[in-house]
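Accompanying notes for the structure given below.
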Amino acid sequence: MRAILIAITLFVISYTGVYAQQETTSFEVNGVKVIFKPTLKTMVSVRVYFRGGVTNYTAQQAGIERFALSAAITCGTKNYTPNQYRDTSDRYGISMSNAAEFDYGSIDMSCISKYFEKGWGLLSDAVKNPAFDDTEVQLLRTKIISSIEEEESAPDKRIEQLTIKNAFAGTQYAIEPDGTTQSITALTTADLKNYYAHLLNKNRMFIVIAGKLSQQQISDKVAALVADLPSAPYEPAVLTPPIFNDNRLLTEQSALATNYINGVMNAPPMSSPDYLPFRLGMDAFGGALFSELRSRLNLSYDPGAYSTNTMMPYAVMYVSTTKPKDAVDVMINLLNHIKTLKISDRGLNQIKSSYIVSNYSKLQSSTAITGNLGNAEIMGGWYYFDNAPAMLEQVTPEQVAAALKKYIVGVRWAYRGDLSLANEAAETFKIGVQ
């Protein structure tokens, strides 16, 4: 126990020692919030965020944000043809990418400090002046549809889709951010242009930067980037998470070698004092699932559990197995057990140590830093991420137990595989969490 405590203490000291010297700051430039983490790393990461995610569009437009943001960085700009843009990126090792999630979209750039000017030039032109070349848009459409079809044929992706469908039916999260074959096919180049213009609004944007730069360098660049952007009224959508207080099952027949099962439960938002205790509790539960289902009973190759960090947060436990009834019975028993189990101080310190290692000590890249700070900002404030190591130290076993008991009150199950085996386990699914 003493060794574990020393390990945690040394990490927190090293974390605060290294990063406190390079404190994260936030400031406003021409009406746009900038979050800046100075580092000594040779890599620079910049992410331009757009708030709203799936609340920005209808189910019929599913995937439009992903399509539009992808087109902005691949379908040419005012100053670069598509080939020139790609060639410049390749020549200077500049990585351009984008994301479209439930709660936000982003255009991202990373490069070594030496080529920051070139990288910023590509980023700025993509953000401000995307050309949406129609020929390139059609090529991109084909790639996106191919990607969707490939993902839908992957068992892990399909069970994830069923999980969300069962848990969030009737909410904005029922909209697939990646889109569907039908929705992507129906979107026109004009649709993408109009949608992207809607995103370019100072009041729904913010920028996160990490690298060996000065605040003055950043302020000058951001000022030029956002100078001509509109500042239109924007009110974030109010999302009310569904309460999973019953046990429901959604099934899909599929001839697979194994059966895929996910269970969704309530979870607290990042801004809640329950967030870290619950996350630690789910880590403990995930470890227990692995120990029982794989190590002891050999019922699954890689079972586990996790909690999401989204505006409508949820927790998931998952398993793939040839014996669904046996596996689900173990999952439910463990879930009910951990709700009443008080973790020892020693056990909690082990979980804390594991959590810190997996969530903080691996932050070796500037892209990881900007991704985590940006996601935390979407959830309520970038400082939640920066403050988490210190807050983690204060979590008690009683808080972990209380958080699990508070949020785990029902399970929405998703099953893909042999339906005859699902029927055999039907009563077990109904029992669920107590």
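Identifiers in the structure tokens: chain A, B, ... in order shown; residue index from 1 per chain; ligand index from 1 in order shown.
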**Request:** Can you pull out every residue within 7 Å of region 89-104 of chain A, counting only C-alpha atoms, but drop anything in the same chain fewer than 2 positions away, and send it as a ChimeraX atom specification?
**Result:** /A:49-54,65-66,69-70,73,85-87,106-111,115,119,173,177,310-311
What are the closest atom pairs, with distances in Å to one decimal, for all residues of region 151-226 of chain A lying within 6 Å of region 408-427 of chain A? Consider only C-alpha atoms, order rows by chain and residue number, and present the result as CSV.
residue,atom,partner,partner_atom,distance
A:Leu162,CA,A:Ala414,CA,5.9
A:Thr163,CA,A:Ala414,CA,5.1
A:Ala167,CA,A:Arg412,CA,5.9
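Residues lying within 9 Å of region 181-191 of chain A, counting only C-alpha atoms and ignoring same-chain neighbours fewer than 4 positions away, are Ala59, Gln60, Gln61, Ala62, Gly63, Ile64, Phe67, Ala68, Phe132, Asp133, Asp134, Val137, Gln138, Arg141, Thr142, Ile144, Ile145, Ser146, Ile148, Glu149, Tyr195 and Tyr196 of chain A.
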If you run DSSP over the backbone, which residues in region 88-258 of chain A end up strand (DSSP E)? Put them as a PDB file with N, CA and C atoms, in the first residue's frame.
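Dumped to selection_26.pdb:
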ATOM      1  N   SER A  95      -0.248  17.506 -40.448  1.00  0.00           N
ATOM      2  CA  SER A  95      -1.408  16.620 -40.372  1.00  0.00           C
ATOM      3  C   SER A  95      -2.676  17.450 -40.242  1.00  0.00           C
ATOM      4  N   MET A  96      -3.581  17.290 -41.187  1.00  0.00           N
ATOM      5  CA  MET A  96      -4.884  17.945 -41.145  1.00  0.00           C
ATOM      6  C   MET A  96      -5.954  16.874 -40.942  1.00  0.00           C
ATOM      7  N   SER A  97      -6.848  17.100 -39.998  1.00  0.00           N
ATOM      8  CA  SER A  97      -7.906  16.135 -39.734  1.00  0.00           C
ATOM      9  C   SER A  97      -9.151  16.863 -39.241  1.00  0.00           C
ATOM     10  N   ASN A  98     -10.199  16.112 -39.003  1.00  0.00           N
ATOM     11  CA  ASN A  98     -11.429  16.709 -38.498  1.00  0.00           C
ATOM     12  C   ASN A  98     -12.168  15.695 -37.646  1.00  0.00           C
ATOM     13  N   ALA A  99     -13.107  16.170 -36.853  1.00  0.00           N
ATOM     14  CA  ALA A  99     -13.926  15.296 -36.022  1.00  0.00           C
ATOM     15  C   ALA A  99     -15.359  15.797 -36.056  1.00  0.00           C
ATOM     16  N   ALA A 100     -16.304  14.873 -35.919  1.00  0.00           N
ATOM     17  CA  ALA A 100     -17.716  15.225 -35.803  1.00  0.00           C
ATOM     18  C   ALA A 100     -18.321  14.263 -34.798  1.00  0.00           C
ATOM     19  N   TYR A 104     -19.864  18.090 -30.611  1.00  0.00           N
ATOM     20  CA  TYR A 104     -19.027  19.104 -31.255  1.00  0.00           C
ATOM     21  C   TYR A 104     -18.454  18.585 -32.561  1.00  0.00           C
ATOM     22  N   GLY A 105     -17.918  19.529 -33.335  1.00  0.00           N
ATOM     23  CA  GLY A 105     -17.114  19.203 -34.501  1.00  0.00           C
ATOM     24  C   GLY A 105     -15.822  19.982 -34.389  1.00  0.00           C
ATOM     25  N   SER A 106     -14.802  19.598 -35.160  1.00  0.00           N
ATOM     26  CA  SER A 106     -13.540  20.339 -35.112  1.00  0.00           C
ATOM     27  C   SER A 106     -12.743  20.141 -36.387  1.00  0.00           C
ATOM     28  N   ILE A 107     -11.908  21.143 -36.663  1.00  0.00           N
ATOM     29  CA  ILE A 107     -10.877  21.033 -37.693  1.00  0.00           C
ATOM     30  C   ILE A 107      -9.542  21.114 -36.966  1.00  0.00           C
ATOM     31  N   ASP A 108      -8.667  20.159 -37.220  1.00  0.00           N
ATOM     32  CA  ASP A 108      -7.454  20.002 -36.426  1.00  0.00           C
ATOM     33  C   ASP A 108      -6.201  20.033 -37.299  1.00  0.00           C
ATOM     34  N   MET A 109      -5.147  20.626 -36.751  1.00  0.00           N
ATOM     35  CA  MET A 109      -3.860  20.680 -37.435  1.00  0.00           C
ATOM     36  C   MET A 109      -2.743  20.380 -36.446  1.00  0.00           C
ATOM     37  N   SER A 110      -1.771  19.577 -36.854  1.00  0.00           N
ATOM     38  CA  SER A 110      -0.575  19.371 -36.044  1.00  0.00           C
ATOM     39  C   SER A 110       0.647  19.351 -36.960  1.00  0.00           C
ATOM     40  N   CYS A 111       1.743  19.898 -36.438  1.00  0.00           N
ATOM     41  CA  CYS A 111       2.988  19.959 -37.194  1.00  0.00           C
ATOM     42  C   CYS A 111       4.128  20.225 -36.220  1.00  0.00           C
ATOM     43  N   ILE A 112       5.360  20.121 -36.685  1.00  0.00           N
ATOM     44  CA  ILE A 112       6.474  20.482 -35.820  1.00  0.00           C
ATOM     45  C   ILE A 112       6.590  22.015 -35.790  1.00  0.00           C
ATOM     46  N   MET A 205     -17.768  29.008 -31.659  1.00  0.00           N
ATOM     47  CA  MET A 205     -16.411  28.526 -31.880  1.00  0.00           C
ATOM     48  C   MET A 205     -15.499  28.785 -30.679  1.00  0.00           C
ATOM     49  N   PHE A 206     -14.485  27.949 -30.530  1.00  0.00           N
ATOM     50  CA  PHE A 206     -13.339  28.249 -29.672  1.00  0.00           C
ATOM     51  C   PHE A 206     -12.142  27.483 -30.216  1.00  0.00           C
ATOM     52  N   ILE A 207     -10.955  27.877 -29.802  1.00  0.00           N
ATOM     53  CA  ILE A 207      -9.721  27.307 -30.350  1.00  0.00           C
ATOM     54  C   ILE A 207      -8.828  26.838 -29.208  1.00  0.00           C
ATOM     55  N   VAL A 208      -8.261  25.643 -29.358  1.00  0.00           N
ATOM     56  CA  VAL A 208      -7.340  25.093 -28.364  1.00  0.00           C
ATOM     57  C   VAL A 208      -5.985  24.873 -29.026  1.00  0.00           C
ATOM     58  N   ILE A 209      -4.927  25.348 -28.365  1.00  0.00           N
ATOM     59  CA  ILE A 209      -3.578  25.273 -28.933  1.00  0.00           C
ATOM     60  C   ILE A 209      -2.619  24.765 -27.869  1.00  0.00           C
ATOM     61  N   ALA A 210      -1.727  23.851 -28.256  1.00  0.00           N
ATOM     62  CA  ALA A 210      -0.656  23.384 -27.377  1.00  0.00           C
ATOM     63  C   ALA A 210       0.632  23.328 -28.180  1.00  0.00           C
ATOM     64  N   GLY A 211       1.707  23.863 -27.608  1.00  0.00           N
ATOM     65  CA  GLY A 211       2.981  23.831 -28.305  1.00  0.00           C
ATOM     66  C   GLY A 211       3.959  24.843 -27.762  1.00  0.00           C
ATOM     67  N   ASN A 247     -35.050  -2.179 -17.177  1.00  0.00           N
ATOM     68  CA  ASN A 247     -34.186  -3.115 -17.904  1.00  0.00           C
ATOM     69  C   ASN A 247     -34.859  -3.489 -19.222  1.00  0.00           C
ATOM     70  N   ARG A 248     -34.305  -3.015 -20.324  1.00  0.00           N
ATOM     71  CA  ARG A 248     -34.878  -3.270 -21.644  1.00  0.00           C
ATOM     72  C   ARG A 248     -33.829  -3.915 -22.547  1.00  0.00           C
ATOM     73  N   LEU A 249     -34.309  -4.678 -23.525  1.00  0.00           N
ATOM     74  CA  LEU A 249     -33.428  -5.401 -24.425  1.00  0.00           C
ATOM     75  C   LEU A 249     -33.788  -5.117 -25.880  1.00  0.00           C
ATOM     76  N   LEU A 250     -32.800  -4.787 -26.688  1.00  0.00           N
ATOM     77  CA  LEU A 250     -32.947  -4.640 -28.133  1.00  0.00           C
ATOM     78  C   LEU A 250     -32.051  -5.674 -28.791  1.00  0.00           C
ATOM     79  N   THR A 251     -32.612  -6.476 -29.699  1.00  0.00           N
ATOM     80  CA  THR A 251     -31.835  -7.556 -30.311  1.00  0.00           C
ATOM     81  C   THR A 251     -31.774  -7.413 -31.822  1.00  0.00           C
ATOM     82  N   GLU A 252     -30.751  -8.032 -32.401  1.00  0.00           N
ATOM     83  CA  GLU A 252     -30.611  -8.106 -33.857  1.00  0.00           C
ATOM     84  C   GLU A 252     -29.969  -9.438 -34.211  1.00  0.00           C
ATOM     85  N   GLN A 253     -30.639 -10.176 -35.068  1.00  0.00           N
ATOM     86  CA  GLN A 253     -30.112 -11.470 -35.498  1.00  0.00           C
ATOM     87  C   GLN A 253     -28.903 -11.276 -36.396  1.00  0.00           C
TER      88      GLN A 253
END
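One distance worth recording is that between CA of Pro303 (chain A) and CA of Leu289 (chain A), which is 6.2 Å.
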**Prompt:** Using only C-alpha atoms, which residues sit within 8 Å of Ile343 (chain A) once same-chain residues fewer than 5 positions away are excluded, as a list in words?
**Reply:** Leu348, Pro397, Val400 and Ala401 of chain A
Dump as a compact mmCIF listing (two decimals), in the first residue's frame, selection limited to N, CA and C atoms:
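What landed in selection_1.txt:
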# COMPACT_ATOMS: atom_id res chain seq x y z
N LEU A 348 -8.82 1.34 -3.52
CA LEU A 348 -9.10 2.60 -4.19
C LEU A 348 -7.81 3.26 -4.66
N PRO A 397 -13.62 6.07 -0.61
CA PRO A 397 -14.41 4.87 -0.92
C PRO A 397 -15.91 5.11 -0.77
N VAL A 400 -17.30 6.77 -3.86
CA VAL A 400 -17.40 5.81 -4.97
C VAL A 400 -18.67 4.97 -4.83
N ALA A 401 -18.88 4.43 -3.64
CA ALA A 401 -20.05 3.60 -3.39
C ALA A 401 -21.34 4.38 -3.60
**Asked** Pick the closest to Lys323 (chain A) from A:Ser300, A:Gln394, A:Gly121, A:Met265: which is it, counting only C-alpha atoms?
**Response** A:Ser300
